[in-house]
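See below for the structure under consideration.
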Amino acid sequence: MSAALEPVTGRYVRFDFEGRAQRVYFEEAGQGIPLLCLHTAGSDTRQFRGLMNDARVTQRFRVIAFDLPWHGKSSPPAGWQTEQYRLTSVTYTGLILAFMQAIGLERPVVMGCSIGGRICLNLALAHAARFRAIVGLQSAANTPRYYDPAWLSHPEVNGQVASAATVMGLMCPESPQAERWETLWHYMQGGPGVFRGDLYFYQIDGDYRGRVKDIDTKVAPYYFLTGEYDYSCSPEDTQETAAGIAGAKVRIMKKLGHFPMSENPQAFIAELLPVLDEIAAAS
Amino acid sequence: MDWKDFAERVNADPLVARQGAGSSFRLLLRWGEKDHLLEVRDGRLAEHRPGPFVMPQCDFALAGSDDAWTRFAQLQPAPRDQDLFAFFRRGEIALTGDTRKFYAHQMCLKLMLANLRTAEVRS
């Protein structure tokens with residue numbers, strides 16, 4: 001038998017947020033410049049498994065990812081059983097800053113995907129000085145609603161399978177099968193109503209059109225990386241948002257879709273390394 | 001598009017067999033001017049009837065132009081032509097009928113329609 005112990009470690013941190021006790025799970029690997037990673041709607045930190053296992057990244061960067069409350073191995077707050085989960089711009093932003101404070105993160109690079117890419121825009125707008133650089137994956141100021149997420153949380157529909165089926169076509173068909181189905185497995189393990197609750201932020205509350213022009217990339221440089229197969233946050237959506245931000249840099253990634261770090265980690269890391277080189281050189 | 005081969009491909013597809021197990025629904029697929037009624041029973045494409053029909057009975061329908069379905073069915077679809085929802089967003093394929101059934105059986109449906117992707121695609 002051959003075995004390989006990964007360099008990834010997982011821990012829990014407890015902190016109060018919005019007057020409620022939170023128990024949040026996070027993983028990390030590597031050392032150097034902190035790189036805080038934000039997962040997509042309805043998923044968790046496992047999306048960054050490729051990044052945390054790549055020495056080209058971890059020899060210079062301390063890669064950290066946390067499961068949002070309600071997601072992955074983080075708990076929902078006590079009392080969850082009588083409330084409907086809904087992510088908002090205010091709560092999401094506050095959670096990220098609270099997590100940073102809880103584990104003592106000083107001026108990390110932040111990199112988020114999809115809802116994580118969306119909230120990166122608000123972090124750039126309101127808290128740019130807290131970050132060394134900002135990397136928005138599948139990041140745009142808004143996505144018009146083109147489907148009804150209500151059925152993703154309904155007694156007559158298996159929400160876990162329906163959630164996976166809803167996102168499966170967002171990936172490049174040529175991404176490795178094993179990585180694509182691993183990505184879908186994470187969706188199949190999401191809590192009931194959680195993906196739908198995240199989509200409240202993605203489809204309705206987190207609309208930053210008209211505001212992104214105020215992002216100052218001299219405070220924190222902003223990098224957009226978008227996979228060409230993504231029709232939810234399409235290259236055109238990203239380019240339209242980036243066009244309104246002076247100094248923003250855009251990279252459209254070939255043969256990648258909405259989950260670049262998870263659907264094809266090797267192809268994604270090849271796209272990310274030049275960005276990390278630039279950030280490291282400026283640090 | 002050889003629809004007879006389509007049923008054979010679907011029913012030989014191990015992904016449909018596993019992930020689509022238990023799915024039963026009746027789909028009206030409107031490919032341009034041509035209609036196809038596809039009845040799935042317990043994850044198998046039990047019946048395929050080509051139109052035209054008078055008042056076809058179905059759970060839900062997917063209607064798009066010949067051009068839209070042809071692009072969807074390419075063996076290697078162009079970026080953002082690889083999924084039904086991409087066509088929904090652009091208004092090129094429309095879903096009507098029982099959306100609950102669509103969501104409930106979406107996994108089986110999408111894996112089944114992936115078998116449209118052959119080298120030669122015509123309606």
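We label chains A, B, ... in the order they appear in the structure tokens, count residues from 1 in each chain, and number ligands from 1 in the order shown.
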
Within 10 Å of chain A: residues of chain B, using only C-alpha atoms, as an MDAnalysis selection string:
chainID B and resid 19 76:91 99:111

Those of region 71-114 of chain A in DSSP strand (DSSP E or B), formatted as an mmCIF file with N, CA and C atoms, in the first residue's frame:
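Output file out11.cif is given in full below:
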```
data_model
loop_
_atom_site.group_PDB
_atom_site.id
_atom_site.type_symbol
_atom_site.label_atom_id
_atom_site.label_comp_id
_atom_site.auth_asym_id
_atom_site.auth_seq_id
_atom_site.Cartn_x
_atom_site.Cartn_y
_atom_site.Cartn_z
ATOM 1 N N VAL A 109 -4.104 38.414 0.700
ATOM 2 C CA VAL A 109 -4.693 38.452 -0.632
ATOM 3 C C VAL A 109 -6.020 37.723 -0.467
ATOM 4 N N VAL A 110 -7.099 38.256 -1.028
ATOM 5 C CA VAL A 110 -8.365 37.527 -0.975
ATOM 6 C C VAL A 110 -8.718 37.085 -2.391
ATOM 7 N N MET A 111 -9.147 35.831 -2.502
ATOM 8 C CA MET A 111 -9.529 35.282 -3.808
ATOM 9 C C MET A 111 -10.834 34.522 -3.634
ATOM 10 N N GLY A 112 -11.892 34.984 -4.278
ATOM 11 C CA GLY A 112 -13.187 34.331 -4.160
ATOM 12 C C GLY A 112 -13.746 33.990 -5.519
ATOM 13 N N CYS A 113 -14.603 32.951 -5.525
ATOM 14 C CA CYS A 113 -15.161 32.485 -6.798
ATOM 15 C C CYS A 113 -16.691 32.556 -6.774
#
```

Pull the alpha helix (DSSP H) assignments for region 47-116 of chain B out of DSSP run on the backbone, and list those residues as a list in words.
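Answer for region 47-116 of chain B restricted to alpha helix (DSSP H) is Asp66, Asp67, Ala68, Trp69, Thr70, Arg71, Phe72, Leu84, Phe85, Ala86, Phe87, Phe88, Arg89, Arg90, Thr99, Arg100, Lys101, Phe102, Tyr103, Ala104, Gln106, Met107, Cys108, Leu109, Lys110, Leu111, Met112 and Leu113 of chain B.
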
Taking 2 positions as the minimum chain separation for residues in the same chain, which residues sit within 7 Å of Leu62 (chain B) when counting only C-alpha atoms? Answer as number ranges by chain.
B: 28-30, 60, 64, 93-96

What's around region 267-274 of chain A at 8 Å? Count only C-alpha atoms, leave out sequence neighbours fewer than 3 positions away in its own chain, and write the answer as a list in words.
Leu51, Val57, Met253, Leu256, Pro260, Met261, Asn264, Asp277 and Glu278 of chain A

Can you tell me, as a ChimeraX atom specification, what residues are no more than 12 Å from Pro7 (chain A) when counting only C-alpha atoms, ignoring any on the same chain fewer than 6 positions away?
/A:27-31,49-55,58-59,62-63

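Distances from A:Leu97, A:Cys233, A:Ala133, A:Met1 to Pro34 (chain A) were compared using only C-alpha atoms, and the smallest one belongs to A:Ala133.
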
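Residue neighbourhood of Ala242 (chain A), excluding near-sequence residues (fewer than 5 positions): Ser139, Ala140, Ala141, Val212, Lys213, Tyr222, Tyr223, Phe224, Glu236, Asp237, Gly247, Ala248, Lys249 and Val250 of chain A, at 10 Å, using only C-alpha atoms.
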
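Within 7 Å of Ala17 (chain B), once only C-alpha atoms are used and residues closer than 4 positions along the same chain are dropped, the contacting residues are Asp13, Ala21 and Gly43 of chain B.
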
May I have the selected residues written with C-alpha atoms, as a PDB file, in the first residue's frame?
```
ATOM      1  CA  ASP B  13     -25.013   5.047 -20.715  1.00  0.00           C
ATOM      2  CA  ALA B  21     -32.202   5.808 -11.550  1.00  0.00           C
ATOM      3  CA  GLY B  43     -34.116   6.176 -15.724  1.00  0.00           C
TER       4      GLY B  43
END
```

Between CA of Leu38 (chain A) and CA of Ala220 (chain A), what is the distance in Å, rounded to a tenth?
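Atom-to-atom, CA of Leu38 (chain A) and CA of Ala220 (chain A) are spaced 17.4 Å apart.
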
Among listed residues B:Asp35, B:Asp66, B:Trp3, B:Arg18, nearest Phe53 (chain B) (using only C-alpha atoms)
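Counting only C-alpha atoms, the residue closest to Phe53 (chain B) is B:Asp35.
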
Which of these, A:Gly72, A:Ser89, A:Arg209, A:Glu263, has the shortest distance to Ala243 (chain A) once you count only C-alpha atoms?
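Of the candidates, the smallest distance to Ala243 (chain A) is held by A:Arg209.
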
Which residue is closest to Gly32 (chain B)? Choose from B:Asp67, B:Glu92, B:Asp98, B:Glu8 and count only C-alpha atoms.
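Once distances to Gly32 (chain B) are computed over only C-alpha atoms, the minimum belongs to B:Asp67.
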